[in-house]
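All remarks here apply to the structure that follows.
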Amino acid sequence: MALNATTIAGLAEHLESCELQARDTLKITDEHPDMDWDDAYAIQDEILRRKLARGAKVAGLKAGLTSHAKMKQMGVETPVFGFLVDGFGVPEGGEVKVGELIHPKVEPEICFVLKKALRGPGCHIGTVLAATDFVLPGIEVIDSRYRDFKFDLKSVVADNTSASRFVVGGQAQPVSAVDLRTLGVVMEKNGEIVSIGAGAAVLGHPAAAVAMLANHLGQRDREIPAGTMIMSGGVTEAVAVQAGDHVSLRIQGLGGVSLRFV
Ligand code: OOG
Ligand code: MG
């Protein structure tokens, strides 16, 4: 760790205030160039601690930057991990208020719900499939707190990987009922197709993203608890949205979900 506890707490407060007040900021590594990975995850943990202290509940976990499309769009090469709390959840077909956000984008995600805990190291696609209860479609709304979505990996980890809102729904299926690699993904905005992809866009197999998350947490002596919902990462580039937009996602065999931006 390169940063002390006071600096970490101050950066967490700063980033969370930006989130809650829908203000942007410059990336924090500009002022703290020596910040390391442990510092970045410690800032994210402190943001979670602040939310839990105010009564929030963890609603899931997320992997991000797991597809080449997303890595290329953001100019980075490594996946990152974050958390979702109940306040980020939007009901199926529900409304997202853009006035509460800075510059929201949507991305199609394949979501896993576990029936058994996963603890790394040593997790792989096989262990993830054995531990998965079902998969289902989800739309993630990301909203980087950094100006113009310009960040480096440590800054985006500290900012809880741009997590902002999410919806899940559709027709959940056991992993044995779908081919997660060829699973077709179609996202529409206002009735026009804006993203087309397949599950393999996510690290070759979306379960690999969940395995990476379990191995990442294992290094910190943590696990993914049974029952956890995990978003495995945007299959395609994220698409900007504004008030008035309607976004719907269909995933092959898993039905669909939608959101309205008001
Ligand atoms: C970081 C969050 C990425 C995903 O699914 O790739 C993410 C960002 O692009 O702002 O959630
Ligand atoms: Mg995402």
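By order in the structure tokens, chains are A, B, ...; within a chain, residues start at 1; ligands start at 1, following the order shown.
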Exercise for review: Compute the set of protein, DNA and RNA residues whose minimum atom distance to ligand 2 is at most 7 Å, using only C-alpha atoms and all ligand atoms, and state it as a list in words.
Suggested key: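 Taking only C-alpha atoms and all ligand atoms into account, the residues around ligand 2 at most 7 Å away are Lys62, Ala63, Gly64, Glu107, Glu109, Glu140, Ile142, Met231, Gly233 and Gly234 of chain A.
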What does the file look like for those residues with N, CA, C and O atoms, as a short mmCIF file (atom, residue, chain, number, x, y, z; two decimals), in the first residue's frame?
```
data_model
loop_
_atom_site.label_atom_id
_atom_site.label_comp_id
_atom_site.auth_asym_id
_atom_site.auth_seq_id
_atom_site.Cartn_x
_atom_site.Cartn_y
_atom_site.Cartn_z
N LYS A 62 -19.67 -7.64 -9.49
CA LYS A 62 -19.53 -7.46 -10.94
C LYS A 62 -18.08 -7.60 -11.36
O LYS A 62 -17.16 -7.23 -10.64
N ALA A 63 -17.93 -8.15 -12.55
CA ALA A 63 -16.65 -8.11 -13.24
C ALA A 63 -16.81 -7.09 -14.36
O ALA A 63 -17.90 -6.94 -14.92
N GLY A 64 -15.76 -6.37 -14.66
CA GLY A 64 -15.83 -5.38 -15.72
C GLY A 64 -14.60 -5.47 -16.61
O GLY A 64 -13.58 -6.05 -16.21
N GLU A 107 -24.87 -1.44 -20.89
CA GLU A 107 -24.16 -2.57 -21.49
C GLU A 107 -24.89 -3.87 -21.18
O GLU A 107 -25.48 -4.02 -20.10
N GLU A 109 -25.27 -7.72 -20.22
CA GLU A 109 -24.48 -8.60 -19.36
C GLU A 109 -25.16 -9.95 -19.16
O GLU A 109 -26.38 -10.04 -19.04
N GLU A 140 -26.51 -3.46 -17.36
CA GLU A 140 -25.83 -2.63 -16.37
C GLU A 140 -25.78 -1.19 -16.88
O GLU A 140 -25.47 -0.96 -18.06
N ILE A 142 -23.62 1.93 -16.38
CA ILE A 142 -22.37 2.41 -15.78
C ILE A 142 -22.33 3.93 -15.89
O ILE A 142 -22.95 4.53 -16.78
N MET A 231 -22.54 -10.08 -12.22
CA MET A 231 -22.59 -9.64 -13.61
C MET A 231 -21.20 -9.90 -14.20
O MET A 231 -20.19 -9.47 -13.64
N GLY A 233 -19.76 -8.97 -17.00
CA GLY A 233 -19.07 -7.92 -17.76
C GLY A 233 -19.75 -7.68 -19.10
O GLY A 233 -20.31 -8.60 -19.72
N GLY A 234 -19.71 -6.44 -19.54
CA GLY A 234 -20.36 -6.06 -20.79
C GLY A 234 -19.86 -6.90 -21.95
O GLY A 234 -18.66 -7.06 -22.15
#
```
Practice item. Around ligand 1, at most 9 Å away and counting only C-alpha atoms and all ligand atoms, which residues are there? Put them as a ChimeraX atom specification, please. Key: /A:62-67,69-71,73-74,79-82,105,107-109,140-146,149-151,153,156-157,159-163,231-238
Practice item. Can you work out the spacing between CA of Ile230 (chain A) and CA of Lys189 (chain A) in Å, to one decimal? Key: 24.0 Å
Point to revise | Which of A:Val58, A:Leu15, A:Ile193, A:Ala172 sits closest to Gly89 (chain A) [using only C-alpha atoms] | key: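 Using only C-alpha atoms, Gly89 (chain A) sits closest to A:Val58.
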Exercise for review: Do a neighbour search on Thr6 (chain A) at 12 Å with only C-alpha atoms, toss out local chain neighbours closer than 3 positions, and write the hits as a VMD selection string.
Suggested key: chain A and resid 2 to 3 9 to 13 39 42 to 43 46
Any chance you can output those residues with C-alpha atoms as an mmCIF file, in the first residue's frame?
```
data_model
loop_
_atom_site.group_PDB
_atom_site.id
_atom_site.type_symbol
_atom_site.label_atom_id
_atom_site.label_comp_id
_atom_site.auth_asym_id
_atom_site.auth_seq_id
_atom_site.Cartn_x
_atom_site.Cartn_y
_atom_site.Cartn_z
ATOM 1 C CA ALA A 2 1.307 3.432 -0.919
ATOM 2 C CA LEU A 3 -1.503 5.500 0.623
ATOM 3 C CA ALA A 9 -10.906 7.402 3.480
ATOM 4 C CA GLY A 10 -10.715 10.888 1.935
ATOM 5 C CA LEU A 11 -10.628 9.540 -1.625
ATOM 6 C CA ALA A 12 -13.553 7.197 -0.887
ATOM 7 C CA GLU A 13 -15.578 10.092 0.475
ATOM 8 C CA ASP A 39 -4.973 1.070 -2.422
ATOM 9 C CA ALA A 42 -9.152 -0.411 -0.324
ATOM 10 C CA ILE A 43 -10.832 2.799 -1.570
ATOM 11 C CA GLU A 46 -14.287 1.979 2.002
#
```
Exercise for review: May I ask for the distance between CA of Ala131 (chain A) and CA of Leu254 (chain A), given in Å to one decimal place?
Suggested key: 18.9 Å
Point to revise | DSSP strand (DSSP E or B) residues within region 88-233 of chain A, as JSON, numbers by chain | key: {"A": [89, 95, 96, 105, 106, 107, 108, 109, 110, 111, 112, 113, 114, 118, 132, 133, 134, 135, 136, 137, 138, 139, 140, 141, 142, 146, 163, 164, 165, 166, 167, 168, 173, 184, 185, 186, 187, 188, 189, 192, 193, 194, 195, 196, 197, 198, 202, 224, 229, 230, 231]}
**Study point:** Near-Leu180 (chain A) list (10 Å; only C-alpha atoms; drop same-chain fewer than 4 positions) as a list in words
**Key:**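 That gives Ile110, Val135, Val175, Ser176, Gly184, Ala198, Gly199, Ala200, Val202, Gly204, His205, Pro206, Ala207 and Gln252 of chain A.
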Let's have the selection written as a PDB file, in the first residue's frame, with all heavy atoms.
```pdb
ATOM      1  N   ILE A 110     -24.349 -10.995 -19.091  1.00  0.00           N
ATOM      2  CA  ILE A 110     -24.818 -12.331 -18.721  1.00  0.00           C
ATOM      3  C   ILE A 110     -24.556 -12.466 -17.217  1.00  0.00           C
ATOM      4  O   ILE A 110     -23.425 -12.271 -16.766  1.00  0.00           O
ATOM      5  CB  ILE A 110     -24.066 -13.410 -19.523  1.00  0.00           C
ATOM      6  CG1 ILE A 110     -24.361 -13.229 -21.025  1.00  0.00           C
ATOM      7  CG2 ILE A 110     -24.462 -14.816 -19.053  1.00  0.00           C
ATOM      8  CD1 ILE A 110     -23.440 -14.028 -21.932  1.00  0.00           C
ATOM      9  N   VAL A 135     -28.431 -18.785 -14.863  1.00  0.00           N
ATOM     10  CA  VAL A 135     -27.948 -17.562 -15.516  1.00  0.00           C
ATOM     11  C   VAL A 135     -29.170 -16.770 -15.999  1.00  0.00           C
ATOM     12  O   VAL A 135     -30.228 -17.356 -16.261  1.00  0.00           O
ATOM     13  CB  VAL A 135     -26.995 -17.869 -16.697  1.00  0.00           C
ATOM     14  CG1 VAL A 135     -25.674 -18.401 -16.183  1.00  0.00           C
ATOM     15  CG2 VAL A 135     -27.602 -18.848 -17.688  1.00  0.00           C
ATOM     16  N   VAL A 175     -27.257 -23.639 -16.339  1.00  0.00           N
ATOM     17  CA  VAL A 175     -26.191 -23.567 -17.350  1.00  0.00           C
ATOM     18  C   VAL A 175     -26.252 -24.756 -18.319  1.00  0.00           C
ATOM     19  O   VAL A 175     -25.798 -24.656 -19.454  1.00  0.00           O
ATOM     20  CB  VAL A 175     -24.780 -23.450 -16.724  1.00  0.00           C
ATOM     21  CG1 VAL A 175     -24.591 -22.090 -16.082  1.00  0.00           C
ATOM     22  CG2 VAL A 175     -24.510 -24.558 -15.721  1.00  0.00           C
ATOM     23  N   SER A 176     -26.840 -25.863 -17.890  1.00  0.00           N
ATOM     24  CA  SER A 176     -26.934 -27.028 -18.783  1.00  0.00           C
ATOM     25  C   SER A 176     -27.905 -26.776 -19.939  1.00  0.00           C
ATOM     26  O   SER A 176     -27.877 -27.495 -20.935  1.00  0.00           O
ATOM     27  CB  SER A 176     -27.387 -28.254 -17.986  1.00  0.00           C
ATOM     28  OG  SER A 176     -28.611 -27.960 -17.339  1.00  0.00           O
ATOM     29  N   GLY A 184     -26.488 -15.823 -28.047  1.00  0.00           N
ATOM     30  CA  GLY A 184     -26.629 -14.561 -28.780  1.00  0.00           C
ATOM     31  C   GLY A 184     -27.177 -13.452 -27.912  1.00  0.00           C
ATOM     32  O   GLY A 184     -28.062 -13.664 -27.087  1.00  0.00           O
ATOM     33  N   ALA A 198     -22.015 -12.298 -28.620  1.00  0.00           N
ATOM     34  CA  ALA A 198     -22.204 -13.665 -28.139  1.00  0.00           C
ATOM     35  C   ALA A 198     -21.402 -13.821 -26.855  1.00  0.00           C
ATOM     36  O   ALA A 198     -20.438 -13.078 -26.614  1.00  0.00           O
ATOM     37  CB  ALA A 198     -21.717 -14.667 -29.190  1.00  0.00           C
ATOM     38  N   GLY A 199     -21.798 -14.795 -26.051  1.00  0.00           N
ATOM     39  CA  GLY A 199     -21.179 -14.979 -24.738  1.00  0.00           C
ATOM     40  C   GLY A 199     -19.668 -15.085 -24.768  1.00  0.00           C
ATOM     41  O   GLY A 199     -18.991 -14.599 -23.857  1.00  0.00           O
ATOM     42  N   ALA A 200     -19.130 -15.693 -25.824  1.00  0.00           N
ATOM     43  CA  ALA A 200     -17.679 -15.894 -25.892  1.00  0.00           C
ATOM     44  C   ALA A 200     -16.895 -14.583 -25.933  1.00  0.00           C
ATOM     45  O   ALA A 200     -15.683 -14.585 -25.703  1.00  0.00           O
ATOM     46  CB  ALA A 200     -17.327 -16.747 -27.109  1.00  0.00           C
ATOM     47  N   VAL A 202     -16.899 -12.479 -23.776  1.00  0.00           N
ATOM     48  CA  VAL A 202     -16.435 -12.272 -22.400  1.00  0.00           C
ATOM     49  C   VAL A 202     -15.384 -13.340 -22.074  1.00  0.00           C
ATOM     50  O   VAL A 202     -15.725 -14.486 -21.749  1.00  0.00           O
ATOM     51  CB  VAL A 202     -17.625 -12.325 -21.413  1.00  0.00           C
ATOM     52  CG1 VAL A 202     -17.144 -12.250 -19.974  1.00  0.00           C
ATOM     53  CG2 VAL A 202     -18.599 -11.193 -21.703  1.00  0.00           C
ATOM     54  N   GLY A 204     -13.691 -15.353 -23.631  1.00  0.00           N
ATOM     55  CA  GLY A 204     -13.800 -16.661 -24.278  1.00  0.00           C
ATOM     56  C   GLY A 204     -14.968 -17.493 -23.753  1.00  0.00           C
ATOM     57  O   GLY A 204     -15.490 -18.349 -24.448  1.00  0.00           O
ATOM     58  N   HIS A 205     -15.380 -17.238 -22.526  1.00  0.00           N
ATOM     59  CA  HIS A 205     -16.497 -17.948 -21.878  1.00  0.00           C
ATOM     60  C   HIS A 205     -16.869 -17.117 -20.642  1.00  0.00           C
ATOM     61  O   HIS A 205     -15.996 -16.893 -19.793  1.00  0.00           O
ATOM     62  CB  HIS A 205     -16.039 -19.355 -21.460  1.00  0.00           C
ATOM     63  CG  HIS A 205     -17.159 -20.251 -21.020  1.00  0.00           C
ATOM     64  ND1 HIS A 205     -18.034 -19.915 -20.012  1.00  0.00           N
ATOM     65  CD2 HIS A 205     -17.556 -21.466 -21.462  1.00  0.00           C
ATOM     66  CE1 HIS A 205     -18.912 -20.888 -19.849  1.00  0.00           C
ATOM     67  NE2 HIS A 205     -18.644 -21.840 -20.729  1.00  0.00           N
ATOM     68  N   PRO A 206     -18.113 -16.695 -20.520  1.00  0.00           N
ATOM     69  CA  PRO A 206     -18.434 -15.779 -19.411  1.00  0.00           C
ATOM     70  C   PRO A 206     -18.173 -16.366 -18.024  1.00  0.00           C
ATOM     71  O   PRO A 206     -17.901 -15.617 -17.080  1.00  0.00           O
ATOM     72  CB  PRO A 206     -19.919 -15.444 -19.609  1.00  0.00           C
ATOM     73  CG  PRO A 206     -20.419 -16.330 -20.683  1.00  0.00           C
ATOM     74  CD  PRO A 206     -19.262 -16.887 -21.425  1.00  0.00           C
ATOM     75  N   ALA A 207     -18.211 -17.706 -17.886  1.00  0.00           N
ATOM     76  CA  ALA A 207     -17.906 -18.292 -16.568  1.00  0.00           C
ATOM     77  C   ALA A 207     -16.456 -18.012 -16.166  1.00  0.00           C
ATOM     78  O   ALA A 207     -16.124 -18.013 -14.971  1.00  0.00           O
ATOM     79  CB  ALA A 207     -18.175 -19.793 -16.572  1.00  0.00           C
ATOM     80  N   GLN A 252     -30.353 -15.012 -26.050  1.00  0.00           N
ATOM     81  CA  GLN A 252     -30.889 -16.268 -26.593  1.00  0.00           C
ATOM     82  C   GLN A 252     -31.301 -17.248 -25.500  1.00  0.00           C
ATOM     83  O   GLN A 252     -30.474 -17.632 -24.661  1.00  0.00           O
ATOM     84  CB  GLN A 252     -29.789 -16.897 -27.441  1.00  0.00           C
ATOM     85  CG  GLN A 252     -30.215 -18.034 -28.299  1.00  0.00           C
ATOM     86  CD  GLN A 252     -29.035 -18.499 -29.142  1.00  0.00           C
ATOM     87  OE1 GLN A 252     -27.891 -18.084 -28.921  1.00  0.00           O
ATOM     88  NE2 GLN A 252     -29.310 -19.342 -30.099  1.00  0.00           N
TER      89      GLN A 252
END
```
Exercise for review: Determine the nearest neighbour of Phe134 (chain A) from the options A:Leu61, A:His68, A:Thr228, A:Asn190, counting only C-alpha atoms.
Suggested key: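 Using only C-alpha atoms, Phe134 (chain A) sits closest to A:Thr228.
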Check your understanding: For Ala117 (chain A), which residue among A:Val76, A:Ile102, A:Val85, A:Val210 is the nearest when counting only C-alpha atoms?
Key ->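 Checking each of A:Val76, A:Ile102, A:Val85, A:Val210 against Ala117 (chain A), counting only C-alpha atoms, the winner is A:Val210.
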Review point. How many Å lie between CA of Ile125 (chain A) and CA of Phe112 (chain A), rounded to one decimal?
Key: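 Separation between CA of Ile125 (chain A) and CA of Phe112 (chain A): 12.3 Å.
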